[in-house]
Every structure is written in C-alpha cells, then in structure tokens.
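Content type mmCIF, C-alpha atoms and all ligand atoms, from the file final36.cif:
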data_model
#
loop_
_atom_site.group_PDB
_atom_site.id
_atom_site.type_symbol
_atom_site.label_atom_id
_atom_site.label_comp_id
_atom_site.auth_asym_id
_atom_site.auth_seq_id
_atom_site.Cartn_x
_atom_site.Cartn_y
_atom_site.Cartn_z
ATOM 1 C CA MET A 1 0.000 0.000 0.000
ATOM 2 C CA ALA A 2 1.087 3.592 -0.511
ATOM 3 C CA LYS A 3 2.124 5.553 2.545
ATOM 4 C CA ILE A 4 2.666 9.178 3.542
ATOM 5 C CA ILE A 5 6.067 9.203 5.186
ATOM 6 C CA ALA A 6 6.643 12.896 5.852
ATOM 7 C CA GLY A 7 5.373 16.430 5.501
ATOM 8 C CA VAL A 8 7.248 19.533 4.423
ATOM 9 C CA GLY A 9 6.156 23.100 5.141
ATOM 10 C CA SER A 10 7.771 25.845 3.096
ATOM 11 C CA SER A 11 7.226 29.455 2.104
ATOM 12 C CA HIS A 12 6.924 30.074 -1.633
ATOM 13 C CA VAL A 13 8.075 33.690 -1.923
ATOM 14 C CA PRO A 14 8.276 34.530 -5.674
ATOM 15 C CA ALA A 15 11.474 36.570 -5.181
ATOM 16 C CA ILE A 16 13.222 33.339 -4.097
ATOM 17 C CA GLY A 17 12.462 31.935 -7.552
ATOM 18 C CA ALA A 18 13.734 35.134 -9.182
ATOM 19 C CA ALA A 19 16.950 34.954 -7.109
ATOM 20 C CA LEU A 20 17.474 31.362 -8.237
ATOM 21 C CA ASP A 21 16.715 32.095 -11.872
ATOM 22 C CA ASN A 22 19.009 35.143 -11.949
ATOM 23 C CA GLY A 23 21.989 33.535 -10.217
ATOM 24 C CA LYS A 24 21.764 35.566 -7.009
ATOM 25 C CA THR A 25 21.883 32.712 -4.506
ATOM 26 C CA GLU A 26 25.404 33.604 -3.347
ATOM 27 C CA GLU A 27 24.572 37.245 -2.617
ATOM 28 C CA PRO A 28 24.578 37.756 1.174
ATOM 29 C CA TYR A 29 20.892 38.708 1.307
ATOM 30 C CA TRP A 30 19.850 35.496 -0.460
ATOM 31 C CA LYS A 31 22.559 33.210 0.888
ATOM 32 C CA ARG A 32 20.939 33.675 4.330
ATOM 33 C CA VAL A 33 17.725 32.223 2.877
ATOM 34 C CA PHE A 34 19.152 29.436 0.705
ATOM 35 C CA SER A 35 21.626 28.203 3.314
ATOM 36 C CA GLY A 36 18.626 27.335 5.505
ATOM 37 C CA PHE A 37 17.513 24.777 2.934
ATOM 38 C CA GLU A 38 20.820 22.929 2.489
ATOM 39 C CA LYS A 39 19.937 20.340 5.140
ATOM 40 C CA SER A 40 16.478 20.028 3.632
ATOM 41 C CA LYS A 41 17.870 19.205 0.208
ATOM 42 C CA ALA A 42 20.126 16.554 1.765
ATOM 43 C CA TRP A 43 17.116 15.132 3.654
ATOM 44 C CA MET A 44 15.058 15.009 0.464
ATOM 45 C CA ALA A 45 17.877 13.407 -1.533
ATOM 46 C CA GLU A 46 18.141 10.715 1.111
ATOM 47 C CA THR A 47 14.387 10.279 1.547
ATOM 48 C CA LYS A 48 13.783 9.846 -2.215
ATOM 49 C CA PRO A 49 9.968 9.878 -2.214
ATOM 50 C CA ASP A 50 8.174 8.093 -5.056
ATOM 51 C CA VAL A 51 5.578 10.865 -5.293
ATOM 52 C CA ALA A 52 5.136 14.360 -3.841
ATOM 53 C CA ILE A 53 1.736 15.933 -3.201
ATOM 54 C CA VAL A 54 2.243 19.707 -3.240
ATOM 55 C CA VAL A 55 -0.452 21.826 -1.603
ATOM 56 C CA TYR A 56 -0.093 25.382 -2.870
ATOM 57 C CA ASN A 57 -2.061 28.309 -4.133
ATOM 58 C CA ASP A 58 -2.356 29.587 -7.647
ATOM 59 C CA HIS A 59 -1.619 33.315 -8.101
ATOM 60 C CA ALA A 60 -3.978 34.093 -11.010
ATOM 61 C CA SER A 61 -1.908 31.876 -13.345
ATOM 62 C CA ALA A 62 -4.189 28.867 -13.905
ATOM 63 C CA PHE A 63 -7.335 30.442 -12.461
ATOM 64 C CA SER A 64 -8.665 33.988 -12.434
ATOM 65 C CA MET A 65 -11.366 36.042 -10.773
ATOM 66 C CA GLU A 66 -13.731 34.358 -13.233
ATOM 67 C CA MET A 67 -13.273 30.931 -11.673
ATOM 68 C CA ILE A 68 -11.566 30.000 -8.402
ATOM 69 C CA PRO A 69 -12.054 26.456 -7.100
ATOM 70 C CA THR A 70 -11.611 26.024 -3.348
ATOM 71 C CA PHE A 71 -9.637 22.791 -3.771
ATOM 72 C CA ALA A 72 -8.343 21.780 -7.232
ATOM 73 C CA LEU A 73 -6.481 18.499 -7.706
ATOM 74 C CA GLY A 74 -4.112 18.187 -10.657
ATOM 75 C CA CYS A 75 -4.803 14.844 -12.356
ATOM 76 C CA ALA A 76 -2.900 15.540 -15.590
ATOM 77 C CA ALA A 77 0.231 13.773 -16.827
ATOM 78 C CA GLU A 78 2.166 17.036 -16.773
ATOM 79 C CA PHE A 79 1.962 20.632 -15.594
ATOM 80 C CA PRO A 80 4.044 23.220 -17.488
ATOM 81 C CA PRO A 81 5.495 26.207 -15.599
ATOM 82 C CA ALA A 82 3.222 29.253 -15.992
ATOM 83 C CA ASP A 83 4.191 32.581 -17.523
ATOM 84 C CA GLU A 84 3.738 34.977 -14.603
ATOM 85 C CA GLY A 85 4.495 38.077 -16.650
ATOM 86 C CA TRP A 86 8.196 37.654 -17.441
ATOM 87 C CA GLY A 87 8.090 34.263 -19.211
ATOM 88 C CA PRO A 88 7.819 30.797 -17.651
ATOM 89 C CA ARG A 89 10.440 30.031 -14.991
ATOM 90 C CA PRO A 90 13.373 27.986 -16.372
ATOM 91 C CA VAL A 91 12.394 24.864 -14.449
ATOM 92 C CA PRO A 92 11.459 21.432 -15.811
ATOM 93 C CA VAL A 93 7.864 20.591 -16.663
ATOM 94 C CA VAL A 94 6.269 19.018 -13.592
ATOM 95 C CA LYS A 95 5.266 15.428 -14.304
ATOM 96 C CA GLY A 96 2.102 14.251 -12.584
ATOM 97 C CA HIS A 97 0.924 10.881 -11.333
ATOM 98 C CA PRO A 98 -2.496 10.560 -12.993
ATOM 99 C CA ALA A 99 -3.306 7.116 -11.534
ATOM 100 C CA LEU A 100 -2.703 8.099 -7.904
ATOM 101 C CA ALA A 101 -4.307 11.517 -8.462
ATOM 102 C CA ALA A 102 -7.466 9.904 -9.889
ATOM 103 C CA HIS A 103 -7.540 7.526 -6.937
ATOM 104 C CA ILE A 104 -7.204 10.432 -4.492
ATOM 105 C CA ALA A 105 -9.967 12.339 -6.316
ATOM 106 C CA GLN A 106 -12.320 9.361 -6.107
ATOM 107 C CA SER A 107 -11.498 8.562 -2.503
ATOM 108 C CA VAL A 108 -11.657 12.137 -1.234
ATOM 109 C CA ILE A 109 -14.844 13.029 -3.120
ATOM 110 C CA LEU A 110 -16.571 9.871 -1.884
ATOM 111 C CA ASP A 111 -15.292 10.927 1.552
ATOM 112 C CA GLU A 112 -17.424 14.079 1.062
ATOM 113 C CA PHE A 113 -14.702 16.587 0.129
ATOM 114 C CA ASP A 114 -15.802 18.123 -3.165
ATOM 115 C CA LEU A 115 -12.562 18.630 -5.058
ATOM 116 C CA THR A 116 -12.352 20.137 -8.521
ATOM 117 C CA ILE A 117 -10.616 17.730 -10.895
ATOM 118 C CA VAL A 118 -8.156 19.554 -13.142
ATOM 119 C CA ASN A 119 -6.874 17.775 -16.236
ATOM 120 C CA LYS A 120 -4.975 20.723 -17.690
ATOM 121 C CA MET A 121 -3.140 23.275 -15.605
ATOM 122 C CA GLU A 122 -0.013 25.416 -15.561
ATOM 123 C CA VAL A 123 1.751 25.824 -12.223
ATOM 124 C CA ASP A 124 3.310 29.013 -10.888
ATOM 125 C CA HIS A 125 5.913 29.967 -8.259
ATOM 126 C CA GLY A 126 3.559 28.778 -5.516
ATOM 127 C CA LEU A 127 4.489 25.230 -6.517
ATOM 128 C CA THR A 128 7.857 25.551 -8.244
ATOM 129 C CA VAL A 129 9.656 27.630 -5.572
ATOM 130 C CA PRO A 130 9.169 25.087 -2.734
ATOM 131 C CA MET A 131 10.214 22.348 -5.175
ATOM 132 C CA ASN A 132 13.457 24.223 -5.914
ATOM 133 C CA LEU A 133 14.098 24.698 -2.216
ATOM 134 C CA LEU A 134 13.767 20.973 -1.521
ATOM 135 C CA PHE A 135 14.874 19.381 -4.813
ATOM 136 C CA GLY A 136 17.405 21.966 -6.015
ATOM 137 C CA GLN A 137 17.534 23.129 -9.610
ATOM 138 C CA PRO A 138 17.357 20.085 -11.888
ATOM 139 C CA LYS A 139 17.892 20.887 -15.569
ATOM 140 C CA ASP A 140 15.765 18.260 -17.305
ATOM 141 C CA HIS A 141 13.369 16.638 -14.874
ATOM 142 C CA TRP A 142 12.236 16.744 -11.263
ATOM 143 C CA PRO A 143 13.253 13.654 -9.277
ATOM 144 C CA CYS A 144 9.690 12.416 -8.681
ATOM 145 C CA PRO A 145 6.153 12.853 -10.004
ATOM 146 C CA VAL A 146 4.074 15.558 -8.346
ATOM 147 C CA ILE A 147 0.354 15.850 -7.641
ATOM 148 C CA PRO A 148 -0.551 19.536 -7.305
ATOM 149 C CA LEU A 149 -3.403 20.511 -4.989
ATOM 150 C CA ALA A 150 -4.337 24.168 -5.490
ATOM 151 C CA VAL A 151 -6.221 25.866 -2.654
ATOM 152 C CA ASN A 152 -8.090 29.153 -2.868
ATOM 153 C CA VAL A 153 -6.493 31.577 -0.442
ATOM 154 C CA VAL A 154 -6.709 34.584 -2.745
ATOM 155 C CA MET A 155 -10.423 35.400 -2.756
ATOM 156 C CA TYR A 156 -12.814 35.416 0.177
ATOM 157 C CA PRO A 157 -13.897 32.986 1.485
ATOM 158 C CA PRO A 158 -10.911 30.649 1.733
ATOM 159 C CA PRO A 159 -11.436 27.297 3.474
ATOM 160 C CA THR A 160 -11.086 27.185 7.252
ATOM 161 C CA GLY A 161 -8.007 25.733 8.889
ATOM 162 C CA HIS A 162 -10.178 22.944 10.287
ATOM 163 C CA ARG A 163 -11.509 22.078 6.816
ATOM 164 C CA CYS A 164 -7.930 21.964 5.528
ATOM 165 C CA TYR A 165 -6.804 19.733 8.383
ATOM 166 C CA MET A 166 -9.681 17.325 7.772
ATOM 167 C CA LEU A 167 -8.913 17.286 4.033
ATOM 168 C CA GLY A 168 -5.381 16.225 4.944
ATOM 169 C CA LYS A 169 -6.824 13.297 6.852
ATOM 170 C CA ALA A 170 -8.991 12.345 3.851
ATOM 171 C CA ILE A 171 -5.938 12.533 1.577
ATOM 172 C CA ARG A 172 -4.104 10.205 3.916
ATOM 173 C CA ARG A 173 -6.984 7.684 3.799
ATOM 174 C CA ALA A 174 -6.870 7.950 0.009
ATOM 175 C CA VAL A 175 -3.131 7.402 -0.240
ATOM 176 C CA GLU A 176 -3.193 4.508 2.203
ATOM 177 C CA SER A 177 -5.869 2.701 0.194
ATOM 178 C CA TYR A 178 -3.816 2.884 -3.031
ATOM 179 C CA PRO A 179 -2.524 -0.628 -3.726
ATOM 180 C CA GLU A 180 0.954 0.190 -5.056
ATOM 181 C CA ASP A 181 3.834 0.505 -2.577
ATOM 182 C CA LEU A 182 4.640 4.197 -2.894
ATOM 183 C CA ARG A 183 6.398 6.449 -0.399
ATOM 184 C CA VAL A 184 4.697 9.824 -0.509
ATOM 185 C CA VAL A 185 5.830 13.196 0.862
ATOM 186 C CA ILE A 186 3.228 15.951 1.206
ATOM 187 C CA PHE A 187 4.089 19.671 1.038
ATOM 188 C CA GLY A 188 2.156 22.534 2.624
ATOM 189 C CA THR A 189 3.319 25.838 1.177
ATOM 190 C CA GLY A 190 2.806 29.589 1.542
ATOM 191 C CA GLY A 191 3.277 32.192 4.236
ATOM 192 C CA LEU A 192 4.498 32.794 6.756
ATOM 193 C CA SER A 193 3.401 36.232 7.990
ATOM 194 C CA HIS A 194 3.304 38.835 5.244
ATOM 195 C CA GLN A 195 1.161 41.582 3.816
ATOM 196 C CA ILE A 196 1.938 42.911 0.374
ATOM 197 C CA SER A 197 -0.298 45.958 0.134
ATOM 198 C CA GLY A 198 -2.225 48.550 2.127
ATOM 199 C CA PRO A 199 -1.182 50.524 5.210
ATOM 200 C CA ARG A 200 0.231 47.404 6.877
ATOM 201 C CA ALA A 201 2.379 46.367 3.873
ATOM 202 C CA GLY A 202 5.577 44.739 5.081
ATOM 203 C CA LEU A 203 3.991 43.334 8.252
ATOM 204 C CA ILE A 204 5.950 40.450 9.763
ATOM 205 C CA ASN A 205 5.049 38.837 13.091
ATOM 206 C CA SER A 206 7.861 36.471 14.039
ATOM 207 C CA LYS A 207 6.414 35.678 17.467
ATOM 208 C CA TRP A 208 3.169 34.500 15.933
ATOM 209 C CA ASP A 209 4.964 32.576 13.159
ATOM 210 C CA LYS A 210 7.145 30.708 15.663
ATOM 211 C CA SER A 211 4.157 29.829 17.795
ATOM 212 C CA PHE A 212 2.433 28.521 14.638
ATOM 213 C CA LEU A 213 5.439 26.303 13.873
ATOM 214 C CA ASP A 214 5.563 25.053 17.477
ATOM 215 C CA ASN A 215 1.896 24.095 17.391
ATOM 216 C CA LEU A 216 2.158 22.648 13.912
ATOM 217 C CA SER A 217 4.679 20.239 15.292
ATOM 218 C CA LYS A 218 3.167 19.465 18.713
ATOM 219 C CA ASP A 219 -0.479 20.562 18.870
ATOM 220 C CA PRO A 220 -1.926 21.017 15.371
ATOM 221 C CA LYS A 221 -5.523 20.754 16.579
ATOM 222 C CA LYS A 222 -5.022 24.059 18.393
ATOM 223 C CA LEU A 223 -4.245 25.666 15.012
ATOM 224 C CA THR A 224 -7.439 24.325 13.471
ATOM 225 C CA ARG A 225 -9.413 26.648 15.773
ATOM 226 C CA ILE A 226 -7.739 29.859 14.523
ATOM 227 C CA PRO A 227 -10.325 31.972 12.659
ATOM 228 C CA HIS A 228 -9.537 33.789 9.426
ATOM 229 C CA LEU A 229 -9.626 37.156 11.167
ATOM 230 C CA GLU A 230 -6.823 36.111 13.501
ATOM 231 C CA TYR A 231 -4.630 35.121 10.551
ATOM 232 C CA MET A 232 -5.380 38.489 8.939
ATOM 233 C CA ARG A 233 -4.739 40.474 12.125
ATOM 234 C CA GLU A 234 -1.629 38.632 13.327
ATOM 235 C CA ALA A 235 -0.014 37.356 10.116
ATOM 236 C CA GLY A 236 -1.211 39.921 7.555
ATOM 237 C CA ALA A 237 -3.656 39.589 4.674
ATOM 238 C CA GLU A 238 -1.495 37.059 2.814
ATOM 239 C CA GLY A 239 -0.711 35.153 6.015
ATOM 240 C CA ILE A 240 -3.951 33.279 5.363
ATOM 241 C CA GLU A 241 -1.825 31.070 3.077
ATOM 242 C CA MET A 242 -0.775 29.285 6.258
ATOM 243 C CA VAL A 243 -4.044 27.302 6.322
ATOM 244 C CA MET A 244 -2.498 25.214 3.534
ATOM 245 C CA TRP A 245 0.116 23.902 5.968
ATOM 246 C CA LEU A 246 -2.759 22.303 7.885
ATOM 247 C CA ILE A 247 -3.624 20.053 4.921
ATOM 248 C CA MET A 248 -0.078 18.722 5.096
ATOM 249 C CA ARG A 249 -0.270 18.352 8.876
ATOM 250 C CA GLY A 250 -3.647 16.590 8.759
ATOM 251 C CA ALA A 251 -2.135 13.949 6.485
ATOM 252 C CA LEU A 252 0.464 13.012 9.127
ATOM 253 C CA ASP A 253 0.370 11.072 12.383
ATOM 254 C CA ASP A 254 -0.956 12.928 15.437
ATOM 255 C CA LYS A 255 2.526 12.709 16.937
ATOM 256 C CA VAL A 256 5.400 13.348 14.554
ATOM 257 C CA ASP A 257 9.151 13.768 14.669
ATOM 258 C CA GLU A 258 10.255 17.293 13.819
ATOM 259 C CA VAL A 259 13.500 16.676 11.988
ATOM 260 C CA TYR A 260 14.276 20.207 10.837
ATOM 261 C CA ARG A 261 13.088 23.793 11.130
ATOM 262 C CA PHE A 262 14.277 27.052 9.616
ATOM 263 C CA TYR A 263 13.002 30.602 9.966
ATOM 264 C CA THR A 264 14.399 33.857 8.672
ATOM 265 C CA VAL A 265 13.183 37.396 7.985
ATOM 266 C CA PRO A 266 12.756 39.050 5.678
ATOM 267 C CA ALA A 267 12.757 37.752 2.131
ATOM 268 C CA SER A 268 11.078 40.332 -0.034
ATOM 269 C CA ASN A 269 8.983 41.632 2.916
ATOM 270 C CA THR A 270 7.921 38.092 3.854
ATOM 271 C CA ALA A 271 8.822 35.833 6.742
ATOM 272 C CA VAL A 272 10.322 32.591 5.426
ATOM 273 C CA GLY A 273 9.367 29.494 7.374
ATOM 274 C CA HIS A 274 10.222 25.876 6.790
ATOM 275 C CA ILE A 275 9.680 22.636 8.682
ATOM 276 C CA ILE A 276 10.123 18.927 8.038
ATOM 277 C CA LEU A 277 7.951 16.496 9.984
ATOM 278 C CA GLU A 278 8.318 12.733 9.719
ATOM 279 C CA ASN A 279 5.692 10.186 10.586
ATOM 280 C CA LYS A 280 6.893 7.969 13.405
ATOM 281 C CA SER A 281 5.487 5.048 11.431
ATOM 282 C CA LYS A 282 7.398 5.972 8.265
ATOM 283 C CA GLY A 283 9.607 2.921 8.181
ATOM 284 C CA LYS A 284 6.951 0.318 8.663
ATOM 285 C CA ARG A 285 4.564 -0.992 6.071
ATOM 286 C CA PRO A 286 1.790 -1.058 7.160
ATOM 287 C CA SER A 287 2.106 1.159 10.273
ATOM 288 C CA THR A 288 -0.084 -0.954 12.521
ATOM 289 C CA ALA A 289 -2.458 -3.870 12.063
ATOM 290 C CA LYS A 290 -5.320 -1.545 13.000
ATOM 291 C CA SER A 291 -4.448 1.106 10.432
ATOM 292 C CA ALA A 292 -3.810 -1.553 7.789
ATOM 293 C CA ALA A 293 -7.288 -2.968 8.436
ATOM 294 C CA LYS A 294 -8.740 0.569 8.214
ATOM 295 C CA SER A 295 -6.995 1.180 4.872
ATOM 296 C CA LYS A 296 -8.236 -2.106 3.497
ATOM 297 C CA ALA A 297 -11.790 -1.332 4.631
ATOM 298 C CA HIS A 298 -11.567 2.112 2.965
ATOM 299 C CA GLY A 299 -10.276 0.403 -0.210
ATOM 300 C CA ARG A 300 -13.218 -2.038 -0.143
ATOM 301 C CA ARG A 301 -15.697 0.852 0.209
ATOM 302 C CA LEU A 302 -14.094 2.558 -2.794
ATOM 303 C CA ALA A 303 -14.252 -0.641 -4.870
ATOM 304 C CA ALA A 304 -17.941 -1.077 -3.966
ATOM 305 C CA ALA A 305 -18.656 2.547 -4.939
ATOM 306 C CA ARG A 306 -16.842 1.990 -8.245
ATOM 307 C CA LYS A 307 -18.956 -1.103 -8.997
ATOM 308 C CA THR A 308 -22.174 0.772 -8.242
ATOM 309 C CA THR A 309 -21.101 3.620 -10.505
ATOM 310 C CA HIS A 310 -20.319 1.227 -13.366
ATOM 311 C CA ARG A 311 -23.661 -0.533 -12.867
ATOM 312 C CA ILE A 312 -25.578 2.754 -13.035
ATOM 313 C CA ALA A 313 -23.535 3.906 -16.027
ATOM 314 C CA SER A 314 -24.091 0.678 -17.964
ATOM 315 C CA LYS A 315 -27.846 0.865 -17.364
ATOM 316 C CA GLY A 316 -27.811 4.429 -18.625
ATOM 317 C CA THR A 317 -29.749 5.767 -15.677
HETATM 318 FE FE FE B 1 1.562 33.153 -2.314
#
Could you write out this structure as structure tokens?
Amino acid sequence: MAKIIAGVGSSHVPAIGAALDNGKTEEPYWKRVFSGFEKSKAWMAETKPDVAIVVYNDHASAFSMEMIPTFALGCAAEFPPADEGWGPRPVPVVKGHPALAAHIAQSVILDEFDLTIVNKMEVDHGLTVPMNLLFGQPKDHWPCPVIPLAVNVVMYPPPTGHRCYMLGKAIRRAVESYPEDLRVVIFGTGGLSHQISGPRAGLINSKWDKSFLDNLSKDPKKLTRIPHLEYMREAGAEGIEMVMWLIMRGALDDKVDEVYRFYTVPASNTAVGHIILENKSKGKRPSTAKSAAKSKAHGRRLAAARKTTHRIASKGT
C-alpha cells in the first residue's frame, strides 16, 4: 500500500524563484535564505519519495477572478510552468501521477470533500519555488512525479483551517488505500506572515509565526481553531496562506518527529518558514495492524462505490 512518510512546510516567496533564476543565490541577502535549505535538500535526496503531493495556491496563473475552485487536484500527466508576466520560470515541466491523483480524487470526493478535478493546468511559483528549495535546480526533470493541490487563499472565502486539516486526513486515507507501494511526501506551502499591500504592507510577526510552527509540530488541533480574522490580524492579509500547511499536517500522524526547522526574515517583505515532519510510522509498512485494516476497509468501500457507478452507467440511468 502507498504511505505518507513525511510532511514539508515551506514558504513560496516569488522573489526566491527570481533569485534562483538570476543567479543571485550567493549574494549575502539570499545566501541567508538558501543556506537554511541545504539540510532540507540533503534530507530530500536521502528520503527519495516516489511521489510528492504539493499543496499550494495559484496566483492568477491557472485560475482567475472568473473561476476559483476552493480545492483543485491536478490529475494531468504534466503541468508546465506558468508565464507569470516575465516568461515561464526555467524549471522542468512538472510530471504528474495521474493514476494516484485519480484515486485520491475518487477517494476524497466519496469521503465528502468536493474537489475540482483539473486535467490541464499550468503551475506558478507557488508550486515551483518550494520544489526548488527541496529538490534543487534540476535541468531536465524533477526527481519524482508531483500531484498539485491548489487551494483558494486569494479570494474570500478561503477554506477554514479545520476544513484543511480534515482534508489532509482524507488525503491520507486515500493514499493509504492505493494498492501500489509508494512512499509519498506531502508539502504545505505559503506564508508565513506577510502583507503585500495597504497601510500594513511589510507586516511580519515572528512571534506569531514561531508559535504557529511550534503548534504545527506538537499541537496542530489548536491551530485548526484559529479563525480567518486572527490570521489576517496577526499574520497579515497574505498570512492566510498558512491554512495550507494544515492540509499537510492533517495527512500526518498525530505525533510526529520534527526533523528540521528554519526561519528567517525578511525575504522580499515576507517571513520565510520551513519545517520537516516525519511520521513515526514511516519505516513500517503497514504502520499498525489496525491502520492496515482501516486502509483495506476504505479500499473495499471505494471498490464497492466503483462497482455501483459502473452498474448505473451501464444501465444508462
Ligand atoms: Fe503566495
């Protein structure tokens, strides 16, 4: 069975992508940021996941004010880098995992989370910057397939932190009912505190960010009770991106091992946060007899739902 072995939280500041693309990583301002991800790249190279699920938000690249899905799952075979106004970033095309993505879509939707299925989508810095920070700058191809999950945090109302956390749990049930032995890492991206316009532009709240990281690691349920207004007040208008980290956290064990954390300010008026959390059960397949039985039962429910759907479809009703 497939298994989620770890979660990665990372900011996706667009200027980090620009610094990478323009060869500025050794400049003192940027070296401070990139040096914080050296251990992360080594961890990822050693971990070698078979698939990465990257929870991120689109910045008017694939979607627009005309249509903004709350949760959009990328089920395509590939996702080209988007042109965000100065040409597509010079990064490889992101290859998807259509079979696992379709399985997640079916499982999660039948679990009563109404995802939008996206079969054609370009991906912007929200997805490619965290990938660079963890996978480096490959020339031809990324080291593993990626399933993008785009979340609306740009237009009111975004999903609640609790909804995101519960979606993470549904994604975990989906992954763990997929029959192939795959080791999956899930990313939550965005944030941390920042506000890019208005009288509070440039807001950074390190105390609040650090408390968020502490709770993400040790007491994530506490974070699920934070209302949108608190994110706005304490972490700035764009700090609401942090709800996406709760999808990642919901997909992990209740108790996790925090293997790495990095925090620095500022990077282009944004607080940069990063954390790596490993499931304690990561080395075992399956984690426990009880969870294996649960995954099998979830798989049986999915198979039964599939049969019913085929029966209805073949009768044409
Ligand atoms: Fe963003």
Can you check which parts of chain A lie within 7 Å of ligand FE 1 (chain B)? Per residue, the shortest pair of atoms and distance in Å to one decimal, counting only C-alpha atoms and all ligand atoms, sorted by chain and number, as JSON lines.
{"residue": "A:His12", "atom": "CA", "partner": "B:FE1", "partner_atom": "FE", "distance": 6.2}
{"residue": "A:Val13", "atom": "CA", "partner": "B:FE1", "partner_atom": "FE", "distance": 6.5}
{"residue": "A:Asn57", "atom": "CA", "partner": "B:FE1", "partner_atom": "FE", "distance": 6.3}
{"residue": "A:His59", "atom": "CA", "partner": "B:FE1", "partner_atom": "FE", "distance": 6.6}
{"residue": "A:Gly126", "atom": "CA", "partner": "B:FE1", "partner_atom": "FE", "distance": 5.8}
{"residue": "A:Gly190", "atom": "CA", "partner": "B:FE1", "partner_atom": "FE", "distance": 5.4}
{"residue": "A:Gly191", "atom": "CA", "partner": "B:FE1", "partner_atom": "FE", "distance": 6.8}
{"residue": "A:Glu241", "atom": "CA", "partner": "B:FE1", "partner_atom": "FE", "distance": 6.7}
Selection result of the PyMOL selection byres (((chain A and resi 159) around 10) and not hetatm) on this file, as an MDAnalysis selection string: chainID A and resid 70:71 151:153 156:158 160:164 228 240 243:244
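We find atom CA of A:Pro28 and atom CA of A:Ser268 to be spaced 13.8 Å apart.
Closest to A:Phe37 among A:His103, A:Lys296, A:Arg261, A:Arg301 is A:Arg261, based on all atoms listed in the file.
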Please write as a CSV table (one decimal) with C-alpha atoms, keeping the file's coordinate frame the full residue list that the PyMOL selection byres (((chain A and resi 94) around 6) and not hetatm) yields on this file.
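What ended up in result_0.csv:
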chain,number,residue,atom,x,y,z
A,78,GLU,CA,2.2,17.0,-16.8
A,79,PHE,CA,2.0,20.6,-15.6
A,93,VAL,CA,7.9,20.6,-16.7
A,95,LYS,CA,5.3,15.4,-14.3
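Once stretch 41-49 of chain A and its same-chain neighbours fewer than 4 positions away are set aside, Ile4, Ile5, Ala6, Val8, Gly36, Phe37, Met131, Asn132, Leu133, Leu134, Phe135, Gly136, Pro143, Cys144, Pro145, Leu182, Arg183, Val184, Val185, Ile186, Val259, Tyr260 and Ile276 of chain A remain within 10 Å of it when counting all atoms listed in the file.
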